[in-house]
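Coordinates from entry37.cif are shown below (mmCIF, C-alpha atoms).
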data_query
#
loop_
_atom_site.group_PDB
_atom_site.id
_atom_site.type_symbol
_atom_site.label_atom_id
_atom_site.label_comp_id
_atom_site.auth_asym_id
_atom_site.auth_seq_id
_atom_site.Cartn_x
_atom_site.Cartn_y
_atom_site.Cartn_z
ATOM 1 C CA MET A 1 -7.525 -8.797 11.853
ATOM 2 C CA GLN A 2 -7.547 -12.553 11.438
ATOM 3 C CA LEU A 3 -6.993 -13.572 7.809
ATOM 4 C CA GLN A 4 -9.310 -16.326 6.603
ATOM 5 C CA GLU A 5 -9.732 -18.228 3.359
ATOM 6 C CA LYS A 6 -12.061 -16.613 0.827
ATOM 7 C CA GLN A 7 -11.666 -13.146 2.301
ATOM 8 C CA VAL A 8 -10.958 -10.503 -0.331
ATOM 9 C CA ALA A 9 -7.747 -8.477 -0.348
ATOM 10 C CA VAL A 10 -7.085 -5.474 -2.592
ATOM 11 C CA VAL A 11 -3.504 -4.363 -3.217
ATOM 12 C CA THR A 12 -2.429 -1.238 -5.120
ATOM 13 C CA GLY A 13 1.051 -1.118 -6.571
ATOM 14 C CA ALA A 14 0.639 -4.880 -6.843
ATOM 15 C CA ALA A 15 2.761 -5.539 -9.917
ATOM 16 C CA SER A 16 6.108 -5.470 -8.109
ATOM 17 C CA GLY A 17 7.944 -5.132 -4.816
ATOM 18 C CA ILE A 18 6.038 -5.091 -1.552
ATOM 19 C CA GLY A 19 2.689 -5.041 -3.347
ATOM 20 C CA LEU A 20 3.440 -8.229 -5.245
ATOM 21 C CA GLY A 21 4.761 -9.829 -2.068
ATOM 22 C CA LEU A 22 1.531 -8.954 -0.240
ATOM 23 C CA ALA A 23 -0.568 -10.332 -3.094
ATOM 24 C CA HIS A 24 1.388 -13.605 -3.134
ATOM 25 C CA GLU A 25 1.010 -14.002 0.626
ATOM 26 C CA PHE A 26 -2.730 -13.312 0.571
ATOM 27 C CA ALA A 27 -3.207 -15.844 -2.223
ATOM 28 C CA ARG A 28 -0.996 -18.394 -0.458
ATOM 29 C CA ARG A 29 -3.305 -18.075 2.568
ATOM 30 C CA GLY A 30 -6.388 -18.714 0.424
ATOM 31 C CA LEU A 31 -7.720 -15.179 0.018
ATOM 32 C CA ASP A 32 -9.136 -13.881 -3.242
ATOM 33 C CA VAL A 33 -7.002 -11.007 -4.485
ATOM 34 C CA VAL A 34 -7.637 -7.860 -6.502
ATOM 35 C CA LEU A 35 -4.419 -6.479 -7.958
ATOM 36 C CA ALA A 36 -4.207 -2.849 -9.058
ATOM 37 C CA ASP A 37 -1.282 -1.191 -10.791
ATOM 38 C CA VAL A 38 -0.638 1.465 -13.403
ATOM 39 C CA GLU A 39 1.655 -0.793 -15.483
ATOM 40 C CA ASP A 40 -0.458 -3.092 -17.697
ATOM 41 C CA GLU A 41 2.225 -5.601 -18.717
ATOM 42 C CA ALA A 42 3.697 -5.935 -15.238
ATOM 43 C CA LEU A 43 0.168 -6.241 -13.828
ATOM 44 C CA ALA A 44 -0.661 -9.107 -16.189
ATOM 45 C CA ALA A 45 2.537 -10.933 -15.223
ATOM 46 C CA ALA A 46 1.837 -10.365 -11.523
ATOM 47 C CA ALA A 47 -1.717 -11.685 -11.871
ATOM 48 C CA GLY A 48 -0.348 -14.848 -13.471
ATOM 49 C CA SER A 49 2.108 -15.414 -10.639
ATOM 50 C CA VAL A 50 -0.577 -14.829 -7.982
ATOM 51 C CA ARG A 51 -3.028 -17.170 -9.757
ATOM 52 C CA ALA A 52 -0.494 -19.961 -9.314
ATOM 53 C CA TYR A 53 -1.621 -20.171 -5.675
ATOM 54 C CA GLY A 54 -5.110 -21.183 -6.773
ATOM 55 C CA GLY A 55 -7.418 -18.436 -5.530
ATOM 56 C CA ALA A 56 -9.490 -16.055 -7.585
ATOM 57 C CA VAL A 57 -7.476 -13.115 -8.927
ATOM 58 C CA VAL A 58 -8.695 -9.967 -10.630
ATOM 59 C CA ALA A 59 -6.270 -7.462 -12.146
ATOM 60 C CA VAL A 60 -7.367 -3.851 -12.648
ATOM 61 C CA GLN A 61 -5.246 -1.198 -14.315
ATOM 62 C CA ALA A 62 -5.447 1.888 -12.096
ATOM 63 C CA ASP A 63 -3.722 5.213 -11.536
ATOM 64 C CA VAL A 64 -3.963 5.860 -7.789
ATOM 65 C CA ARG A 65 -3.485 9.597 -8.350
ATOM 66 C CA LYS A 66 -7.051 9.695 -9.699
ATOM 67 C CA PHE A 67 -9.986 9.023 -7.389
ATOM 68 C CA ASP A 68 -12.208 7.711 -10.208
ATOM 69 C CA SER A 69 -9.550 5.130 -11.077
ATOM 70 C CA VAL A 70 -9.308 3.879 -7.487
ATOM 71 C CA LYS A 71 -13.091 3.941 -7.134
ATOM 72 C CA ALA A 72 -13.277 1.698 -10.217
ATOM 73 C CA VAL A 73 -11.002 -0.798 -8.422
ATOM 74 C CA ALA A 74 -13.326 -0.735 -5.389
ATOM 75 C CA ASP A 75 -16.399 -1.146 -7.581
ATOM 76 C CA THR A 76 -14.803 -4.049 -9.461
ATOM 77 C CA ALA A 77 -13.827 -5.797 -6.232
ATOM 78 C CA ILE A 78 -17.295 -5.449 -4.730
ATOM 79 C CA GLU A 79 -19.091 -6.393 -7.964
ATOM 80 C CA THR A 80 -16.858 -9.446 -8.425
ATOM 81 C CA PHE A 81 -16.670 -10.755 -4.862
ATOM 82 C CA GLY A 82 -19.479 -8.952 -3.034
ATOM 83 C CA ARG A 83 -17.107 -7.695 -0.397
ATOM 84 C CA VAL A 84 -13.666 -6.382 0.480
ATOM 85 C CA ASP A 85 -11.939 -7.349 3.722
ATOM 86 C CA ILE A 86 -8.469 -5.865 3.524
ATOM 87 C CA VAL A 87 -7.139 -2.975 1.460
ATOM 88 C CA CYS A 88 -3.417 -2.356 1.036
ATOM 89 C CA ASN A 89 -2.787 1.182 -0.219
ATOM 90 C CA ASN A 90 0.711 0.317 -1.313
ATOM 91 C CA ALA A 91 1.496 2.109 -4.595
ATOM 92 C CA GLY A 92 4.568 4.306 -4.238
ATOM 93 C CA VAL A 93 7.243 6.122 -6.196
ATOM 94 C CA ASN A 94 10.421 8.083 -5.565
ATOM 95 C CA THR A 95 12.513 10.719 -7.298
ATOM 96 C CA SER A 96 16.198 10.678 -8.014
ATOM 97 C CA ARG A 97 18.355 11.702 -5.078
ATOM 98 C CA ALA A 98 18.892 15.444 -4.753
ATOM 99 C CA PRO A 99 18.718 18.147 -2.082
ATOM 100 C CA LEU A 100 15.205 19.487 -1.501
ATOM 101 C CA TRP A 101 15.906 22.812 -3.161
ATOM 102 C CA GLU A 102 17.133 21.211 -6.377
ATOM 103 C CA LEU A 103 13.957 19.226 -7.022
ATOM 104 C CA ASP A 104 11.418 20.875 -9.284
ATOM 105 C CA GLU A 105 7.669 21.098 -8.824
ATOM 106 C CA ASN A 106 7.056 18.086 -11.070
ATOM 107 C CA ASP A 107 9.213 15.860 -8.832
ATOM 108 C CA TRP A 108 7.321 16.977 -5.732
ATOM 109 C CA ARG A 109 3.918 16.734 -7.374
ATOM 110 C CA TRP A 110 4.493 13.230 -8.781
ATOM 111 C CA VAL A 111 5.686 11.772 -5.452
ATOM 112 C CA LEU A 112 2.950 13.454 -3.396
ATOM 113 C CA GLU A 113 0.206 12.487 -5.865
ATOM 114 C CA VAL A 114 1.151 8.812 -5.900
ATOM 115 C CA ASN A 115 2.382 8.288 -2.336
ATOM 116 C CA LEU A 116 -0.060 10.498 -0.436
ATOM 117 C CA TRP A 117 -3.037 11.112 -2.721
ATOM 118 C CA GLY A 118 -3.007 7.446 -3.713
ATOM 119 C CA VAL A 119 -3.611 6.541 -0.072
ATOM 120 C CA ILE A 120 -6.204 9.296 0.362
ATOM 121 C CA ASN A 121 -8.031 8.025 -2.718
ATOM 122 C CA GLY A 122 -7.871 4.461 -1.416
ATOM 123 C CA ILE A 123 -9.394 5.540 1.886
ATOM 124 C CA ARG A 124 -12.140 7.503 0.161
ATOM 125 C CA ALA A 125 -12.940 4.620 -2.203
ATOM 126 C CA PHE A 126 -12.888 1.689 0.236
ATOM 127 C CA VAL A 127 -13.571 2.874 3.787
ATOM 128 C CA PRO A 128 -17.274 3.647 3.192
ATOM 129 C CA HIS A 129 -17.772 -0.047 2.299
ATOM 130 C CA LEU A 130 -15.751 -1.286 5.289
ATOM 131 C CA ALA A 131 -17.468 1.174 7.650
ATOM 132 C CA ARG A 132 -20.933 0.025 6.521
ATOM 133 C CA LEU A 133 -19.937 -3.539 7.386
ATOM 134 C CA ASN A 134 -17.970 -2.418 10.477
ATOM 135 C CA SER A 135 -15.386 -4.981 9.454
ATOM 136 C CA GLY A 136 -12.062 -5.105 7.649
ATOM 137 C CA HIS A 137 -8.661 -3.490 7.659
ATOM 138 C CA ILE A 138 -6.762 -0.769 5.807
ATOM 139 C CA VAL A 139 -2.978 -1.070 5.483
ATOM 140 C CA ASN A 140 -1.221 2.069 4.232
ATOM 141 C CA THR A 141 2.363 1.546 3.151
ATOM 142 C CA ALA A 142 4.597 4.253 4.557
ATOM 143 C CA SER A 143 8.308 3.706 5.163
ATOM 144 C CA MET A 144 10.989 3.966 7.812
ATOM 145 C CA ALA A 145 11.773 7.185 5.916
ATOM 146 C CA ALA A 146 8.573 8.512 7.488
ATOM 147 C CA LEU A 147 10.157 8.192 10.916
ATOM 148 C CA HIS A 148 13.786 9.071 10.212
ATOM 149 C CA PRO A 149 15.047 11.780 7.829
ATOM 150 C CA VAL A 150 16.712 10.497 4.686
ATOM 151 C CA VAL A 151 19.359 12.556 2.923
ATOM 152 C CA GLU A 152 18.323 13.668 -0.573
ATOM 153 C CA LEU A 153 14.984 11.811 -0.544
ATOM 154 C CA GLY A 154 12.890 14.681 0.817
ATOM 155 C CA PRO A 155 9.662 14.315 -1.197
ATOM 156 C CA TYR A 156 9.548 10.594 -0.453
ATOM 157 C CA ALA A 157 10.087 11.084 3.286
ATOM 158 C CA VAL A 158 7.561 13.929 3.426
ATOM 159 C CA SER A 159 4.926 11.878 1.619
ATOM 160 C CA LYS A 160 5.481 8.826 3.795
ATOM 161 C CA HIS A 161 5.429 10.889 7.005
ATOM 162 C CA ALA A 162 2.067 12.241 5.849
ATOM 163 C CA VAL A 163 0.836 8.652 5.297
ATOM 164 C CA VAL A 164 1.642 7.823 8.928
ATOM 165 C CA ALA A 165 -0.270 10.903 10.138
ATOM 166 C CA LEU A 166 -3.144 10.120 7.787
ATOM 167 C CA THR A 167 -3.359 6.573 9.123
ATOM 168 C CA GLU A 168 -3.372 7.794 12.721
ATOM 169 C CA CYS A 169 -6.215 10.201 11.889
ATOM 170 C CA LEU A 170 -8.085 7.427 10.088
ATOM 171 C CA ARG A 171 -7.711 5.159 13.117
ATOM 172 C CA ALA A 172 -9.168 7.880 15.374
ATOM 173 C CA ASP A 173 -12.118 8.452 13.031
ATOM 174 C CA LEU A 174 -12.772 4.713 12.744
ATOM 175 C CA ASP A 175 -12.696 4.314 16.521
ATOM 176 C CA ARG A 176 -15.856 6.438 16.605
ATOM 177 C CA ALA A 177 -17.579 5.439 13.361
ATOM 178 C CA ALA A 178 -16.603 1.800 12.779
ATOM 179 C CA PRO A 179 -14.516 0.434 15.652
ATOM 180 C CA ASN A 180 -14.132 -3.009 14.089
ATOM 181 C CA VAL A 181 -12.313 -1.605 11.043
ATOM 182 C CA GLY A 182 -8.561 -1.515 11.580
ATOM 183 C CA ALA A 183 -5.994 0.873 10.169
ATOM 184 C CA THR A 184 -2.259 0.228 10.077
ATOM 185 C CA ALA A 185 0.707 2.142 8.694
ATOM 186 C CA LEU A 186 3.332 -0.262 7.379
ATOM 187 C CA CYS A 187 6.857 1.164 7.711
ATOM 188 C CA PRO A 188 9.329 -1.172 5.984
ATOM 189 C CA LEU A 189 13.011 -0.375 5.565
#
Output the file's structure in the form of structure tokens.
Amino acid sequence: MQLQEKQVAVVTGAASGIGLGLAHEFARRGLDVVLADVEDEALAAAAGSVRAYGGAVVAVQADVRKFDSVKAVADTAIETFGRVDIVCNNAGVNTSRAPLWELDENDWRWVLEVNLWGVINGIRAFVPHLARLNSGHIVNTASMAALHPVVELGPYAVSKHAVVALTECLRADLDRAAPNVGATALCPL
């Protein structure tokens, strides 16, 4: 996908790390940016830093584990800008390091809900819009941990491996339904 000024980018997990870096780069290139994050204070600070590039910025508090919350981000983006061109399902978390069998259900559930269900919810909330337009791109942040086992980070690696598979399935579905909508799994170190 060719990035152009005044396109609209949505980034989850946008208040820090890779998400904030993506938001800065989109704004630097002249895109309007919708930032979503669960942390209100960090989100407000991130929005201020992204606004420094001059484009329009909207910040929406959202919990990606909940479809209605992600759908509200999509609705806000479309109501504000009339369109969405690129969606970065980037929100992610990790547990403390421990062997798989020592992690409790809450550790597993939290990581899978944010890292995997957050992406699923992003796809469900945004792809119908992109498919109707037959235009745009979805970027799902996975990790190199999705491709290579990581000692004592099992839930994280499992969730990120699932994101890669999910993105490959999405790409296959889009090839039939909306071939001009792209889907990419980002696997940073």
Would you kindly translate the PyMOL selection byres ((chain A and resi 11) around 12) into the concrete residues it picks from this file, as number ranges by chain?
-> A: 8-10, 12-27, 32-37, 43, 46-47, 50, 57-62, 64, 70, 73-74, 77, 84-92, 118-119, 122, 126, 138-141
Using the chain letters and numbers from the file, which residues does the PyMOL selection byres ((chain A and resi 105-115) around 9) grab, as a ChimeraX atom specification?
-> /A:63-66,90-96,103-104,116-119,141-142,154-156,158-160,163
Distance CA of Leu189 (chain A)-CA of Leu100 (chain A), one decimal place?
-> 21.2 Å
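CA of Ala125 (chain A) is found 11.5 Å from CA of Thr76 (chain A).
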Which centre and edge lengths in Å to one decimal define the box along x, y and z that fits every listed atom of region 74-80 of chain A plus 8 Å per side, as lines of an AutoDock Vina configuration file?
center_x = -16.2
center_y = -5.1
center_z = -7.1
size_x = 21.8
size_y = 24.7
size_z = 20.7
Hey, can you check how far CA of Val151 (chain A) sits from CA of Arg97 (chain A)?
->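 Computed distance, CA of Val151 (chain A) to CA of Arg97 (chain A), equals 8.1 Å.
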Using all atoms listed in the file: which of A:Val181, A:Ile120, A:Ala131, A:Cys187 has the shortest distance to Leu166 (chain A) =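 Closest residue, counting all atoms listed in the file: A:Ile120.
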Write out as a compact mmCIF listing (two decimals) with C-alpha atoms, in the coordinates of the input the residues lying within 9 Å of Ala183 (chain A), counting only C-alpha atoms and excluding same-chain residues fewer than 4 positions away.
# COMPACT_ATOMS: atom_id res chain seq x y z
CA GLY A 136 -12.06 -5.11 7.65
CA HIS A 137 -8.66 -3.49 7.66
CA ILE A 138 -6.76 -0.77 5.81
CA VAL A 139 -2.98 -1.07 5.48
CA ASN A 140 -1.22 2.07 4.23
CA THR A 167 -3.36 6.57 9.12
CA GLU A 168 -3.37 7.79 12.72
CA LEU A 170 -8.09 7.43 10.09
CA ARG A 171 -7.71 5.16 13.12
CA LEU A 174 -12.77 4.71 12.74
Which residue, A:Leu153, A:Ala145, A:Lys6, A:Gly48, has the smallest gap to Pro99 (chain A) when you use only C-alpha atoms?
->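 Checking each of A:Leu153, A:Ala145, A:Lys6, A:Gly48 against Pro99 (chain A), counting only C-alpha atoms, the winner is A:Leu153.
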Which of A:Gly82, A:Val127, A:His161, A:Ala56 sits closest to Ala185 (chain A) [using only C-alpha atoms] | A:His161
